Amino acid sequence: MLLLKNGKIFTMADDKVIYGDILIDKGKIVNINSSIHEEGAEIVDLRNHIVVPGFIDGHCHAGITESGVGAVGNDMDEKSDTLNPQLLAEDGINIRDSAFEAAVRSGITTVSVAPGESNVIGGKSCVIKTYGNILKERIVKSSSALNISIGDFVKRLDDVRTEMPRSRMAITYMIRNFLIRAKKYYEETKDKGVDGNHFCEKYESVKSIFTKEEKVEICAHKAQDIQTALRLKKEFDLDLILTYCTEGYLIESQIDKNIPLMLGPYLTDKSNFEMENRNSKSPAVFSERGFNTCLITNHPDVPLDFLPVCAAVAIKDGMSFENALKSITINPAEALGVDNRVGSIEVGKDADIAVFDGDPFKAKTRTFMTIVNGKIAYRRCGYEKSSNYNYRTVTQN
Amino acid sequence: MLLLKNCNVFDSLEGQFFLSDILIEDGKIKKVKKNIIVNNLDTNVIDVKGNTVCPGFIDGHSHIGMWTLNDKGNDANECVKPLTPALRAIDGLNPHDEAFRDAYSSGITTVMICPGSGNVIGGQAAIIKTYGSSVEEMTVKSPAAMKIAFGENPKNVYSAQKKSPSSRMSTAFLIREMLNRAERYYEEEKNGSYHEYDEELEVFIPVFNGEIPLKIHAHRLDDIMTAIRIAEEFGLDYTLDHCTEGYMAADYIKEKNIPVMLGPLFSFATKVETKDACAEAPAIFNDKGILISFISDHPFMNCKFLPLYAGLLSRYGLDMIDGLKALTINPAKALRIDNRVGSIEEGKDADLAVFNGEPLETMTKVTLTIINGDIVYKDFD
């Protein structure tokens with residue numbers, strides 16, 4: 001058992017702030033109270049530091065495209081076909097990617113790893129923890145969402161083969177055509193099953209979006225593409241997440257408030273024409289109007305460990321501290337359907353906790369400790385200018 | 001005339017703050033002292049109410065105006081042959097690039113723009129101000145350095161074309177060969193002996209007579225060492241740009257007394273040669289007494305995040321005061337323009353930025369930017 005004493009705890013449940021202790025057992029939070037005594041528990045004094053739920057990045061490509069190894073580390077885009085609902089991000093993740101270590105050091109404990117965006121249907125994303133040696137134990141939710149992309153980045157303009165899609169018309173046609181067929185397949189096979197001759201791997205893999213067990217995440221920058229996404233949601237009754245949503249602020253009134261928004265990346269250069277109308281105030285505006293607003297790094301666009309900095313910059317551009325904190329904790333947890341396990345500090349939830357020696361969004365603040373699944377994944381040891389110049393996290397197993 | 005009242009002035013030379021007024025005339029700082037009174041109706045008086053005023057920030061290595069990450073936005077690399085010393089950065093500069101707004105609205109007033117690192121010798125860098133409608137209006141100094149690149153970039157570009165350099169050996173050879181020819185050319189020029197005009201060797205004259213340094217792009221330690229070796233063979237001045245693995249040999253770099261231009265740390269390691277980037281590196285260099293400056297390498301890190309990045313380094317052992325110096329007086333010295341910019345002193349260019357809080361803190365905003373005495377950005381009522 002691990003007992004954390006004397007923290008200023010932002011629980012992110014009912015906006016409650018508690019001054020007190022947290023008891024952890026078998027990877028779960030078992031008690032939160034102003035003062036806890038527990039025989040035999042390992043005690044860590046948090047020195048009245050700020051305690052928040054481990055941060056969550058709702059959309060990134062950590063591990064599926066690796067740092068510092070060049071092209072050989074990129075496993076996120078299967079270029080042979082553009083409709084790949086059968087592919088799972090978890091099969092491409094290298095959990096030893098150094099991005100995870102850096103993430104743990106910044107207090108990030110859960111990430112949704114998505115396949116790349118250069119296919120119309122890239123595959124399914126996967127929600128995993130940032131710490132642990134075995135992928136299976138790190139997975140919070142496998143196949144958490146089907147990833148669809150609409151925009152210039154899926155057009156096969158450079159491809160020598162003359163293949164679809166080379167225009168937005170074709171992108172939408174391909175999605176719609178696929179969903180019509182998949183839905184038909186689902187309806188015809190849900191009661192009577194399917195025989196070997198008609199079994200289709202791709203349609204099988206998307207049955208769960210029609211049963212609403214799985215969400216559909218559509219990545220789009222431009223307003224017109226967001227509108228296409230909204231149209232598809234209506235036509236096929238999809239449980240939608242809108243990612244990027246760069247021009248979303250232009251058509252805010254058309255977006256239903258129950259659609260979670262994964263906004264970002266804002267800490268980059270405007271690297272393509274679709275981002276030209278990017279407005280760094282939009283996270284502030286959306287959260288103000290009551291949307292479930294999440295901030296994302298889209299790692300490698302913004303390095304994963306800069307997620308709290310994304311929130312800090314959102315605050316600079318008008319977001320409230322509370323909303324900024326929500327946008328990287330409970331909001332993405334709800335959006336990804338993993339709020340039964342992560343996103344807030346509550347009894348029964350996973351013990352994923354980040355402790356900071358000050359306001360987590362200020363430049364000078366350092367991470368004091370990161371706990372993942374009840375294990376201390378990172379702990380700052382005094383003055384940490386490593387004498388051996390080794391930047392890597394000091395991790396314990 | 002422009003008078004700024006009640007400034008919390010950052011003294012970049014001493015690394016401290018003091019309260020003062022600042023009087024600006026004809027684009028220069030005329031007076032820095034308390035309680036300046038001007039009996040002149042034309043004087044624009046702004047009360048900055050005790051907010052912090054810094055010398056305009058200097059970005060020591062950027063491709064702003066020359067390169068956007070859009071499809072056709074690259075005018076910084078002429079990758080048809082590896083040696084193009086005669087090309088000038090200012091000829092690829094678009095003064096209307098919207099990124100200049102990002103620069104001055106975040107307090108950056110001076111940048112060194114340089115050709116990219118696709119070529120071994122890319123061309124001549126220039127120092128410009130970030131506001132103006134023409135190249136002439138913006139330029140502070142051109143040429144201001146000769147850009148040279150080691151490592152993966154030129155190697156990748158030319159090995160894809162099945163040309164030389166396809167190895168680090170060849171990169172070093174090409175540089176050495178050109179510098180040999182340029183040195184002979186320079187000697188002939190100096191001695192007044194006859195030689196045919198050669199536009200590619202002509203541009204090395206200011207390099208050999210010490211007017212401008214080499215601006216050396218190197219990430220990996222072996223590339224840094226090769227760079228030092230070659231520069232010393234020819235007795236040339238230089239700065240080490242990026243210098244990603246340089247912290248591993250900080251003592252050696254200190255011994256050579258070389259300015260290092262660090263960055264962009266705020267990016268994902270797309271290249272193998274940047275995999276050992278170290279967040280503590282700036283603090284390590286600074287503790288050794290090496291002159292550190294920060295660079296955005298815009299567009300690879302948007303220049304507007306340069307102050308944010310400098311501030312975040314306080315988590316990794318670099319004091320914010322040292323961070324501020326690495327954005328002001330240090331790059332001014334490294335780029336050899338400290339007679340004009342880099343500190344708030346009488347007689348220097350009136351390039352100033354006003355902040356509504358601690359300048360490098362994540363949520364602080366720039367409220368006023370002044371370049372050459374003109375207000376170019378204002379964000380308050």
# chains A, B, ... in the order shown; residues from 1 in each chain; ligands from 1
>>> interface_residues(of="chain B", to="chain A", cutoff="10 Å", atoms="only C-alpha atoms", output="ChimeraX atom specification")
/B:68-71,99,102,247-248,265-281,283-284,298-305,308-320,360-365
>>> write_last_selection(atoms="C-alpha atoms", output="mmCIF file, in the first residue's frame")
data_model
loop_
_atom_site.group_PDB
_atom_site.id
_atom_site.type_symbol
_atom_site.label_atom_id
_atom_site.label_comp_id
_atom_site.auth_asym_id
_atom_site.auth_seq_id
_atom_site.Cartn_x
_atom_site.Cartn_y
_atom_site.Cartn_z
ATOM 1 C CA THR B 68 7.148 27.943 -44.552
ATOM 2 C CA LEU B 69 6.230 24.323 -44.108
ATOM 3 C CA ASN B 70 3.667 24.640 -46.892
ATOM 4 C CA ASP B 71 4.218 22.693 -50.094
ATOM 5 C CA ALA B 99 5.285 34.783 -39.406
ATOM 6 C CA ASP B 102 4.339 36.024 -34.746
ATOM 7 C CA TYR B 247 27.039 19.224 -24.051
ATOM 8 C CA MET B 248 28.975 15.955 -24.116
ATOM 9 C CA LEU B 265 14.713 21.691 -28.435
ATOM 10 C CA PHE B 266 10.993 22.188 -28.740
ATOM 11 C CA SER B 267 10.622 19.582 -31.431
ATOM 12 C CA PHE B 268 10.283 15.892 -31.954
ATOM 13 C CA ALA B 269 13.478 14.032 -32.875
ATOM 14 C CA THR B 270 12.618 13.312 -36.496
ATOM 15 C CA LYS B 271 16.255 12.710 -37.275
ATOM 16 C CA VAL B 272 18.533 10.115 -35.766
ATOM 17 C CA GLU B 273 21.213 12.738 -35.183
ATOM 18 C CA THR B 274 18.954 14.622 -32.766
ATOM 19 C CA LYS B 275 17.988 11.639 -30.627
ATOM 20 C CA ASP B 276 20.315 12.565 -27.772
ATOM 21 C CA ALA B 277 18.979 16.111 -27.409
ATOM 22 C CA CYS B 278 19.200 17.061 -23.771
ATOM 23 C CA ALA B 279 16.979 19.548 -21.977
ATOM 24 C CA GLU B 280 19.741 20.286 -19.485
ATOM 25 C CA ALA B 281 22.257 21.166 -22.215
ATOM 26 C CA ALA B 283 22.314 24.911 -18.289
ATOM 27 C CA ILE B 284 25.415 22.751 -18.708
ATOM 28 C CA HIS B 298 11.705 28.775 -37.661
ATOM 29 C CA PRO B 299 9.600 27.186 -39.208
ATOM 30 C CA PHE B 300 10.724 24.032 -37.361
ATOM 31 C CA MET B 301 9.732 25.692 -34.164
ATOM 32 C CA ASN B 302 7.484 28.675 -34.743
ATOM 33 C CA CYS B 303 9.515 31.656 -33.590
ATOM 34 C CA LYS B 304 6.689 32.880 -31.351
ATOM 35 C CA PHE B 305 7.422 30.021 -28.956
ATOM 36 C CA LEU B 308 8.232 30.111 -23.953
ATOM 37 C CA TYR B 309 10.935 27.562 -24.658
ATOM 38 C CA ALA B 310 13.583 29.658 -22.935
ATOM 39 C CA GLY B 311 11.337 29.905 -19.877
ATOM 40 C CA LEU B 312 10.650 26.172 -19.732
ATOM 41 C CA LEU B 313 14.371 25.571 -19.443
ATOM 42 C CA SER B 314 14.129 26.892 -15.902
ATOM 43 C CA ARG B 315 12.810 23.405 -15.089
ATOM 44 C CA TYR B 316 16.087 22.030 -16.323
ATOM 45 C CA GLY B 317 18.478 24.133 -14.348
ATOM 46 C CA LEU B 318 18.730 27.320 -16.384
ATOM 47 C CA ASP B 319 17.805 30.413 -14.417
ATOM 48 C CA MET B 320 15.286 32.721 -16.103
ATOM 49 C CA LEU B 360 9.552 34.058 -19.905
ATOM 50 C CA GLU B 361 6.641 32.690 -17.861
ATOM 51 C CA THR B 362 4.202 30.531 -19.854
ATOM 52 C CA MET B 363 1.168 32.776 -19.511
ATOM 53 C CA THR B 364 2.854 36.155 -19.868
ATOM 54 C CA LYS B 365 1.906 38.283 -22.843
#
>>> residues_around(residues="His61 of chain A", least_positions_apart="3", cutoff="12 Å", atoms="only C-alpha atoms", output="ChimeraX atom specification")
/A:57-58,64-67,73-77,89-90,92-95,97,99-100,111-117,125-128,296-304 /B:268
>>> write_last_selection(atoms="C-alpha atoms", output="short mmCIF file (atom, residue, chain, number, x, y, z; two decimals), in the first residue's frame")
data_model
loop_
_atom_site.label_atom_id
_atom_site.label_comp_id
_atom_site.auth_asym_id
_atom_site.auth_seq_id
_atom_site.Cartn_x
_atom_site.Cartn_y
_atom_site.Cartn_z
CA ASP A 57 -3.53 13.18 -24.21
CA GLY A 58 -6.62 12.38 -26.27
CA ILE A 64 3.70 4.24 -33.22
CA THR A 65 6.15 6.72 -34.69
CA GLU A 66 9.35 6.73 -32.69
CA SER A 67 11.69 9.51 -31.70
CA GLY A 73 10.34 3.82 -36.48
CA ASN A 74 7.22 4.90 -38.35
CA ASP A 75 4.44 2.32 -38.19
CA MET A 76 1.39 4.51 -38.29
CA ASP A 77 0.43 4.67 -41.96
CA ALA A 89 -2.77 0.97 -33.41
CA GLU A 90 -1.75 -1.31 -30.53
CA GLY A 92 2.25 -0.81 -34.10
CA ILE A 93 3.20 0.63 -30.73
CA ASN A 94 6.72 0.29 -29.42
CA ILE A 95 6.32 0.94 -25.71
CA ASP A 97 9.76 4.84 -27.38
CA ALA A 99 8.47 9.79 -25.76
CA PHE A 100 6.73 7.79 -23.03
CA VAL A 111 -2.62 8.59 -23.97
CA SER A 112 -4.81 7.66 -26.88
CA VAL A 113 -2.49 6.43 -29.61
CA ALA A 114 -4.06 6.86 -33.02
CA PRO A 115 -2.97 5.49 -36.37
CA GLY A 116 -1.69 8.10 -38.83
CA GLU A 117 -3.92 10.44 -40.77
CA SER A 125 -6.78 3.90 -31.82
CA CYS A 126 -5.89 2.49 -28.46
CA VAL A 127 -5.85 4.06 -25.00
CA ILE A 128 -2.74 3.11 -23.04
CA ILE A 296 -4.06 17.26 -27.79
CA THR A 297 -0.42 17.28 -28.81
CA ASN A 298 -0.83 15.13 -31.92
CA HIS A 299 2.69 13.96 -31.04
CA PRO A 300 5.05 14.12 -32.97
CA ASP A 301 3.66 17.51 -34.10
CA VAL A 302 4.10 18.75 -30.54
CA PRO A 303 6.25 16.49 -28.35
CA LEU A 304 3.99 14.53 -26.01
CA PHE B 268 10.28 15.89 -31.95
#
>>> residues_around(residues="Thr293 of chain A", least_positions_apart="2", cutoff="7 Å", atoms="only C-alpha atoms", output="JSON, numbers by chain")
{"A": [260, 261, 262, 283, 286, 287, 291, 295, 327, 331]}
>>> write_last_selection(atoms="C-alpha atoms", output="short mmCIF file (atom, residue, chain, number, x, y, z; two decimals), in the first residue's frame")
data_model
loop_
_atom_site.label_atom_id
_atom_site.label_comp_id
_atom_site.auth_asym_id
_atom_site.auth_seq_id
_atom_site.Cartn_x
_atom_site.Cartn_y
_atom_site.Cartn_z
CA PRO A 260 -16.25 15.86 -27.76
CA LEU A 261 -13.63 18.05 -29.40
CA MET A 262 -9.94 17.15 -29.49
CA PRO A 283 -10.12 26.14 -26.92
CA PHE A 286 -15.40 26.12 -26.91
CA SER A 287 -14.87 25.37 -23.23
CA PHE A 291 -18.31 21.77 -25.06
CA LEU A 295 -6.32 19.52 -25.77
CA SER A 327 -9.12 19.56 -20.90
CA ASN A 331 -12.61 15.69 -20.40
#
>>> residues_around(residues="segment 177-185 of chain B", least_positions_apart="3", cutoff="10 Å", atoms="only C-alpha atoms", output="list in words")
Leu83, Pro85, Ile121, Ala172, Phe173, Leu174, Glu188, Glu189, Lys190, Asn191, Ser193, Tyr194, His195, Glu196, Tyr197, Asp198, Glu200, Leu201, Glu202, Val203, Phe204, Ile205, Val207, Phe208, Ile230, Ala231, Glu233 and Phe234 of chain B
>>> write_last_selection(atoms="C-alpha atoms", output="PDB file, in the first residue's frame")
ATOM      1  CA  LEU B  83      28.278  24.253 -52.654  1.00  0.00           C
ATOM      2  CA  PRO B  85      28.270  30.133 -51.200  1.00  0.00           C
ATOM      3  CA  ILE B 121      27.740  25.460 -48.045  1.00  0.00           C
ATOM      4  CA  ALA B 172      34.292  17.528 -44.939  1.00  0.00           C
ATOM      5  CA  PHE B 173      36.284  17.148 -48.156  1.00  0.00           C
ATOM      6  CA  LEU B 174      33.993  19.475 -50.113  1.00  0.00           C
ATOM      7  CA  GLU B 188      46.023  36.742 -54.194  1.00  0.00           C
ATOM      8  CA  GLU B 189      43.472  39.480 -53.662  1.00  0.00           C
ATOM      9  CA  LYS B 190      45.378  40.745 -50.634  1.00  0.00           C
ATOM     10  CA  ASN B 191      48.731  40.677 -52.413  1.00  0.00           C
ATOM     11  CA  SER B 193      48.344  39.580 -57.748  1.00  0.00           C
ATOM     12  CA  TYR B 194      46.196  38.922 -60.760  1.00  0.00           C
ATOM     13  CA  HIS B 195      43.414  36.373 -60.681  1.00  0.00           C
ATOM     14  CA  GLU B 196      40.232  35.840 -62.567  1.00  0.00           C
ATOM     15  CA  TYR B 197      37.047  37.008 -60.862  1.00  0.00           C
ATOM     16  CA  ASP B 198      35.201  34.113 -59.251  1.00  0.00           C
ATOM     17  CA  GLU B 200      31.912  31.881 -55.452  1.00  0.00           C
ATOM     18  CA  LEU B 201      35.343  32.608 -53.995  1.00  0.00           C
ATOM     19  CA  GLU B 202      34.822  36.366 -53.854  1.00  0.00           C
ATOM     20  CA  VAL B 203      32.208  35.944 -51.123  1.00  0.00           C
ATOM     21  CA  PHE B 204      34.766  34.284 -48.859  1.00  0.00           C
ATOM     22  CA  ILE B 205      36.874  37.449 -48.650  1.00  0.00           C
ATOM     23  CA  VAL B 207      35.190  35.311 -44.067  1.00  0.00           C
ATOM     24  CA  PHE B 208      38.971  35.212 -44.352  1.00  0.00           C
ATOM     25  CA  ILE B 230      38.220  22.505 -40.196  1.00  0.00           C
ATOM     26  CA  ALA B 231      37.560  26.015 -38.895  1.00  0.00           C
ATOM     27  CA  GLU B 233      42.782  24.621 -39.958  1.00  0.00           C
ATOM     28  CA  PHE B 234      41.829  27.805 -41.764  1.00  0.00           C
TER      29      PHE B 234
END
>>> select_by_dssp(residues="segment 58-302 of chain B", states="strand (DSSP E)", output="number ranges by chain")
B: 58-62, 108-113, 121-129, 139-149, 214-218, 238-242, 260-262, 292-294
>>> select_by_dssp(residues="segment 213-269 of chain B", states="alpha helix (DSSP H)", output="number ranges by chain")
B: 221-233, 250-256
>>> atom_distance(atom1="atom CA of Lys375 of chain A", atom2="atom CA of Ile353 of chain A")
9.7 Å
>>> residues_around(residues="Tyr131 of chain B", least_positions_apart="4", cutoff="8 Å", atoms="only C-alpha atoms", output="count of residues only")
6
>>> residues_around(residues="segment 220-228 of chain A", least_positions_apart="5", cutoff="6 Å", atoms="only C-alpha atoms", output="MDAnalysis selection string")
chainID A and resid 150 244:248 274
>>> write_last_selection(atoms="N, CA and C atoms", output="short mmCIF file (atom, residue, chain, number, x, y, z; two decimals), in the first residue's frame")
data_model
loop_
_atom_site.label_atom_id
_atom_site.label_comp_id
_atom_site.auth_asym_id
_atom_site.auth_seq_id
_atom_site.Cartn_x
_atom_site.Cartn_y
_atom_site.Cartn_z
N ILE A 150 -10.44 13.38 -43.00
CA ILE A 150 -10.97 14.10 -44.16
C ILE A 150 -10.11 15.33 -44.35
N TYR A 244 -8.80 17.74 -34.19
CA TYR A 244 -8.22 18.96 -34.79
C TYR A 244 -9.24 20.09 -34.70
N CYS A 245 -10.29 19.96 -35.55
CA CYS A 245 -11.41 20.90 -35.50
C CYS A 245 -10.90 22.35 -35.57
N THR A 246 -9.88 22.54 -36.40
CA THR A 246 -9.18 23.83 -36.45
C THR A 246 -10.11 25.00 -36.79
N GLU A 247 -10.97 24.79 -37.78
CA GLU A 247 -11.89 25.87 -38.15
C GLU A 247 -13.26 25.69 -37.49
N GLY A 248 -13.33 24.81 -36.52
CA GLY A 248 -14.60 24.54 -35.86
C GLY A 248 -15.25 25.79 -35.29
N GLU A 274 -4.44 24.00 -44.62
CA GLU A 274 -5.69 23.76 -43.89
C GLU A 274 -5.67 24.41 -42.52
#
>>> residues_around(residues="Asp322 of chain B", least_positions_apart="4", cutoff="8 Å", atoms="only C-alpha atoms", output="list in words")
Gly15, Asn286, Leu318 and Ala326 of chain B
>>> closest_residue(among="A:Leu263, A:Val355, A:Asp256, A:Phe55", to="Ile376 of chain A", atoms="only C-alpha atoms")
A:Val355
>>> closest_residue(among="B:His219, B:Arg168, B:Lys348, B:Lys254", to="Lys155 of chain B", atoms="only C-alpha atoms")
B:Arg168
